[in-house]
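Student: Mind having a look at this structure? Questions to follow.
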Amino acid sequence: MNRGKGWRIGLWFVALMTLLPTTTGYAAAELTEVPYPMDSSNQAGWWSPLDTYGTGYEYAYMAYNAPGGTAGMHTIYIARRDGTGAWSNIPVMNGSVVAEYIDDLGHNQPSIARDGSGRFHVFASMHDNNWRYFRSDTVGGAPQNHSADMPGPDMKISYPIVKTAPNGDLYLFARAAKDPAGKREGVLFHWDNTASTWSQIGVIASTLNRSVYPDDLAFNANGDMHILFEWAHFAASALRHELSYLKYSPATGSFTKADGTPVSLPATLSTADIVQPLAPGETYVQSGDDPGGPGVQSAKMTVDSAGRPIIAYRYREAGSANFAVKQATYGTGGWELQTVFDAAATRAAVDVTWTGTEARIYYVKQSGADRAFVAVNSSGAGWTEISLAPGKPIERLAVERSAKGVDILYLVDIPNLKLYYGRNN
């Protein structure tokens with residue numbers, strides 16, 4: 001019986017489908033353009049510009065740099081998407097005017113968190129500056145300048161990363177400069193949501209002639225906090241080294257390595273839990289620019305269902321021109337490192353989420369029609385990448401897994417000055 005060409009094509013399609021991975025998320029994300037103008041300075045690799053809320057109606061809060069009144073300046077806003085998909089634009093206020101600061105690419109970008117009472121906290125436009133801190137005075141209201149509420153008013157702050165703990169408190173990890181002492185230290189702060197006050201927990205990472213670069217904070221369900229950071233030669237360098245980890249238990253006030261070994265504060269290069277050790281020939285270089293050679297540049301973190309850290313980071317191997325995207329997890333033998341992607345140059349934009357069964361590693365390629373990708377390693381069979389925003393020249397990103405179990409995406413298109421909200425189910 002001649003069943004015809006269509007029957008044969010149908011069999012071919014069925015056979016092909018059996019070869020494709022069955023893991024969820026193998027499709028481009030659902031993207032929506034944020035309906036507000038974005039400034040070209042809205043780009044960083046370290047920031048935490050995204051927060052989400054709600055298990056019924058789901059809200060997203062996207063802090064971003066908007067155009068300023070003159071060239072080379074930016075203002076600060078929060079694009080708010082409510083549970084129906086409607087948008088509103090919330091200004092970050094400095095007195096009676098919208099906060100406005102000079103552009104400083106890779107440095108003067110905002111980080112945001114929503115506390116357990118529903119107030120926004122925004123840290124913005126600080127690169128070796130005194131505090132520029134803004135907080136809502138009412139639930140969901142426009143943040144006002146509350147810099148005077150922060151401890152250490154004379155601190156010079158860079159790279160503020162702020163996250164909400166399960167109990168509604170906030171923790172802030174930032175770098176504070178002590179240039180005369182030859183240190184730029186990692187300092188941890190705590191917002192007590194009940195008392196509505198900030199306090200300094202302490203200097204948690206410090207080594208003479210080294211600078212700390214904060215990367216991320218992540219929480220267990222029980223409130224324990226995981227801390228991730230890099231080191232560079234003092235005073236600064238685009239190429240960093242010895243990606244490091246600490247675990248903090250607010251209940252006991254203790255800091256430990258991943259294996260539970262206690263760490264006294266401040267952690268140093270000798271006592272911190274080193275995730276990515278120096279490779280043979282890798283050395284700290286006194287240079288503000290990237291001189292080439294092996295090193296770390298940008299990292300993010302989540303925890304799995306058992307509360308163990310999963311780290312995504314970029315590392316350039318000796319002899320390579322490109323930063324590979326790598327994953328680090330902690331097992332019985334210590335830190336286990338594997339390469340996720342190394343076939344092309346990537347940007348300093350990476351993130352990671354945990355679905356409940358697998359990790360998703362997000363990254364951005366330097367060039368090409370498609371640049372934003374997510375990779376998964378289903379059943380240990382190898383990493384498979386999926387384009388998130390086909391045809392869009394995404395250069396920066398941030399990702400947060402919502403309480404509804406959806407990856408919410410913050411995607412930045414610098415060439416076209418557009419910000420995208422995305423959903424990766």
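Identifiers for the structure tokens are assigned positionally: chains receive A, B, ... in sequence, residues are indexed from 1 per chain, and ligands are indexed from 1 in the order shown.
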I'd like the neighbourhood of A:Ala148 as a compact mmCIF listing (two decimals) with N, CA, C and O atoms, in the first residue's frame, where a residue qualifies if any of its atoms comes within 10 Å (using only C-alpha atoms), though same-chain residues fewer than 6 positions away should be ignored.
Tutor:
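Okay, out-v5.txt is ready:
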# COMPACT_ATOMS: atom_id res chain seq x y z
N TRP A 131 26.66 56.35 51.26
CA TRP A 131 25.38 55.66 51.04
C TRP A 131 24.43 56.47 50.15
O TRP A 131 24.24 57.68 50.35
N ARG A 132 23.84 55.75 49.21
CA ARG A 132 22.71 56.25 48.42
C ARG A 132 21.63 55.18 48.53
O ARG A 132 21.55 54.26 47.71
N TYR A 133 20.84 55.33 49.58
CA TYR A 133 19.87 54.30 49.98
C TYR A 133 18.48 54.91 50.03
O TYR A 133 18.28 56.00 50.58
N PHE A 134 17.51 54.19 49.46
CA PHE A 134 16.15 54.68 49.33
C PHE A 134 15.18 53.60 49.84
O PHE A 134 15.35 52.41 49.53
Student: I'd like the neighbourhood of stretch 375-382 of chain A as a VMD selection string, where a residue qualifies if any of its atoms comes within 7 Å (using only C-alpha atoms), though same-chain residues fewer than 6 positions away should be ignored.
Tutor: chain A and resid 23 359 to 362
Student: If we count only C-alpha atoms and set the cut-off at 12 Å, which residues sit around A:Val98, ignoring sequence neighbours fewer than 2 positions away in its own chain? Please answer as a ChimeraX atom specification.
Tutor: /A:65-69,74-78,89-96,100-101,134,142-145
Student: Just want the 12 Å neighbourhood of stretch 192-195 of chain A, counted on only C-alpha atoms, with same-chain residues fewer than 5 positions away dropped. Output as an MDAnalysis selection string.
Tutor: chainID A and resid 114:121 164:172 200:201 250
Student: Write the residues you've just listed into a file as a PDB file, in the first residue's frame, and include C-alpha atoms for each of them.
Tutor:
ATOM      1  CA  ARG A 114      11.043  44.102  49.058  1.00  0.00           C
ATOM      2  CA  ASP A 115      10.900  43.492  52.813  1.00  0.00           C
ATOM      3  CA  GLY A 116       8.303  41.445  54.670  1.00  0.00           C
ATOM      4  CA  SER A 117       6.141  44.539  55.189  1.00  0.00           C
ATOM      5  CA  GLY A 118       6.027  45.340  51.484  1.00  0.00           C
ATOM      6  CA  ARG A 119       8.454  48.278  51.504  1.00  0.00           C
ATOM      7  CA  PHE A 120      10.973  48.707  48.695  1.00  0.00           C
ATOM      8  CA  HIS A 121      14.666  49.099  49.495  1.00  0.00           C
ATOM      9  CA  THR A 164      15.054  39.186  51.325  1.00  0.00           C
ATOM     10  CA  ALA A 165      15.294  36.431  53.944  1.00  0.00           C
ATOM     11  CA  PRO A 166      12.400  33.983  54.490  1.00  0.00           C
ATOM     12  CA  ASN A 167      11.307  35.912  57.625  1.00  0.00           C
ATOM     13  CA  GLY A 168      11.025  39.227  55.744  1.00  0.00           C
ATOM     14  CA  ASP A 169      14.323  40.695  56.993  1.00  0.00           C
ATOM     15  CA  LEU A 170      16.880  41.931  54.470  1.00  0.00           C
ATOM     16  CA  TYR A 171      20.601  41.323  54.165  1.00  0.00           C
ATOM     17  CA  LEU A 172      22.950  43.583  52.261  1.00  0.00           C
ATOM     18  CA  GLN A 200      26.215  46.139  60.563  1.00  0.00           C
ATOM     19  CA  ILE A 201      26.903  42.449  61.168  1.00  0.00           C
ATOM     20  CA  PRO A 250      21.578  34.173  61.725  1.00  0.00           C
TER      21      PRO A 250
END
Student: Would you kindly return, as a PyMOL selection string, each protein, DNA or RNA residue with an atom no farther than 8 Å from any atom of stretch 255-268 of chain A, considering only C-alpha atoms and excluding same-chain residues fewer than 6 positions away?
Tutor: chain A and resi 202-207+245-249+330+334
Student: Using only C-alpha atoms, which of A:Gly152, A:Pro180, A:Thr384, A:Thr197 sits nearest A:Arg135?
Tutor: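 Looking only at the distances to A:Arg135, the closest residue turns out to be A:Thr197.
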Student: For the strand (DSSP E) assignment from backbone DSSP, which residues of stretch 119-335 of chain A qualify? Please present them as an MDAnalysis selection string.
Tutor: chainID A and resid 120:123 127:129 133:136 143:145 157:164 170:178 183:192 197:205 210:219 225:233 241:249 254:256 273:274 295:303 309:316 324:331 334:335
Student: To one decimal in Å, tell me the separation between atom CA of A:Pro291 and atom CA of A:Tyr363.
Tutor: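 Atom CA of A:Tyr363 lies at a distance of 22.6 Å from atom CA of A:Pro291.
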Student: What is the distance between atom CA of A:Ser270 and atom CA of A:Ala318, in Å to one decimal?
Tutor: 23.1 Å
Student: I'd like the neighbourhood of A:Trp354 as a PDB file with N, CA, C and O atoms, in the first residue's frame, where a residue qualifies if any of its atoms comes within 9 Å (using only C-alpha atoms), though same-chain residues fewer than 2 positions away should be ignored.
Tutor:
ATOM      1  N   THR A 302      22.303  29.885  43.733  1.00  0.00           N
ATOM      2  CA  THR A 302      21.020  29.487  44.290  1.00  0.00           C
ATOM      3  C   THR A 302      21.270  28.299  45.212  1.00  0.00           C
ATOM      4  O   THR A 302      22.413  27.915  45.437  1.00  0.00           O
ATOM      5  N   VAL A 303      20.207  27.722  45.775  1.00  0.00           N
ATOM      6  CA  VAL A 303      20.346  26.507  46.575  1.00  0.00           C
ATOM      7  C   VAL A 303      19.388  25.455  46.036  1.00  0.00           C
ATOM      8  O   VAL A 303      18.336  25.772  45.481  1.00  0.00           O
ATOM      9  N   ASP A 304      19.767  24.185  46.201  1.00  0.00           N
ATOM     10  CA  ASP A 304      18.900  23.103  45.742  1.00  0.00           C
ATOM     11  C   ASP A 304      17.888  22.746  46.827  1.00  0.00           C
ATOM     12  O   ASP A 304      17.800  23.421  47.868  1.00  0.00           O
ATOM     13  N   SER A 305      17.127  21.701  46.609  1.00  0.00           N
ATOM     14  CA  SER A 305      16.052  21.336  47.528  1.00  0.00           C
ATOM     15  C   SER A 305      16.565  20.941  48.904  1.00  0.00           C
ATOM     16  O   SER A 305      15.828  21.013  49.895  1.00  0.00           O
ATOM     17  N   ILE A 310      24.386  26.006  44.663  1.00  0.00           N
ATOM     18  CA  ILE A 310      24.664  25.780  43.241  1.00  0.00           C
ATOM     19  C   ILE A 310      25.136  27.110  42.687  1.00  0.00           C
ATOM     20  O   ILE A 310      24.417  28.113  42.762  1.00  0.00           O
ATOM     21  N   VAL A 352      21.515  31.729  37.874  1.00  0.00           N
ATOM     22  CA  VAL A 352      21.189  30.322  38.066  1.00  0.00           C
ATOM     23  C   VAL A 352      19.931  30.208  38.909  1.00  0.00           C
ATOM     24  O   VAL A 352      19.711  31.001  39.832  1.00  0.00           O
ATOM     25  N   GLY A 356      13.626  22.548  41.386  1.00  0.00           N
ATOM     26  CA  GLY A 356      13.140  21.482  42.243  1.00  0.00           C
ATOM     27  C   GLY A 356      13.672  20.135  41.822  1.00  0.00           C
ATOM     28  O   GLY A 356      13.748  19.194  42.620  1.00  0.00           O
ATOM     29  N   THR A 357      14.107  20.059  40.546  1.00  0.00           N
ATOM     30  CA  THR A 357      14.699  18.819  40.034  1.00  0.00           C
ATOM     31  C   THR A 357      16.013  19.051  39.296  1.00  0.00           C
ATOM     32  O   THR A 357      16.793  18.125  39.123  1.00  0.00           O
ATOM     33  N   GLU A 358      16.256  20.285  38.833  1.00  0.00           N
ATOM     34  CA  GLU A 358      17.472  20.549  38.070  1.00  0.00           C
ATOM     35  C   GLU A 358      17.848  22.020  38.158  1.00  0.00           C
ATOM     36  O   GLU A 358      17.008  22.889  38.459  1.00  0.00           O
ATOM     37  N   ALA A 359      19.116  22.302  37.881  1.00  0.00           N
ATOM     38  CA  ALA A 359      19.602  23.673  37.811  1.00  0.00           C
ATOM     39  C   ALA A 359      19.448  24.208  36.400  1.00  0.00           C
ATOM     40  O   ALA A 359      19.607  23.481  35.418  1.00  0.00           O
ATOM     41  N   ARG A 360      19.143  25.498  36.313  1.00  0.00           N
ATOM     42  CA  ARG A 360      19.140  26.209  35.047  1.00  0.00           C
ATOM     43  C   ARG A 360      20.223  27.281  35.116  1.00  0.00           C
ATOM     44  O   ARG A 360      20.223  28.104  36.011  1.00  0.00           O
ATOM     45  N   ARG A 401      13.677  33.016  40.594  1.00  0.00           N
ATOM     46  CA  ARG A 401      12.595  32.044  40.563  1.00  0.00           C
ATOM     47  C   ARG A 401      11.500  32.515  41.510  1.00  0.00           C
ATOM     48  O   ARG A 401      11.720  32.727  42.701  1.00  0.00           O
TER      49      ARG A 401
END
Student: Out of A:Ser147, A:Thr52, A:Thr329, A:Asn322, which residue has the shortest atom-to-atom distance to A:Trp198 when counting only C-alpha atoms?
Tutor: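 Closest residue, counting only C-alpha atoms: A:Ser147.
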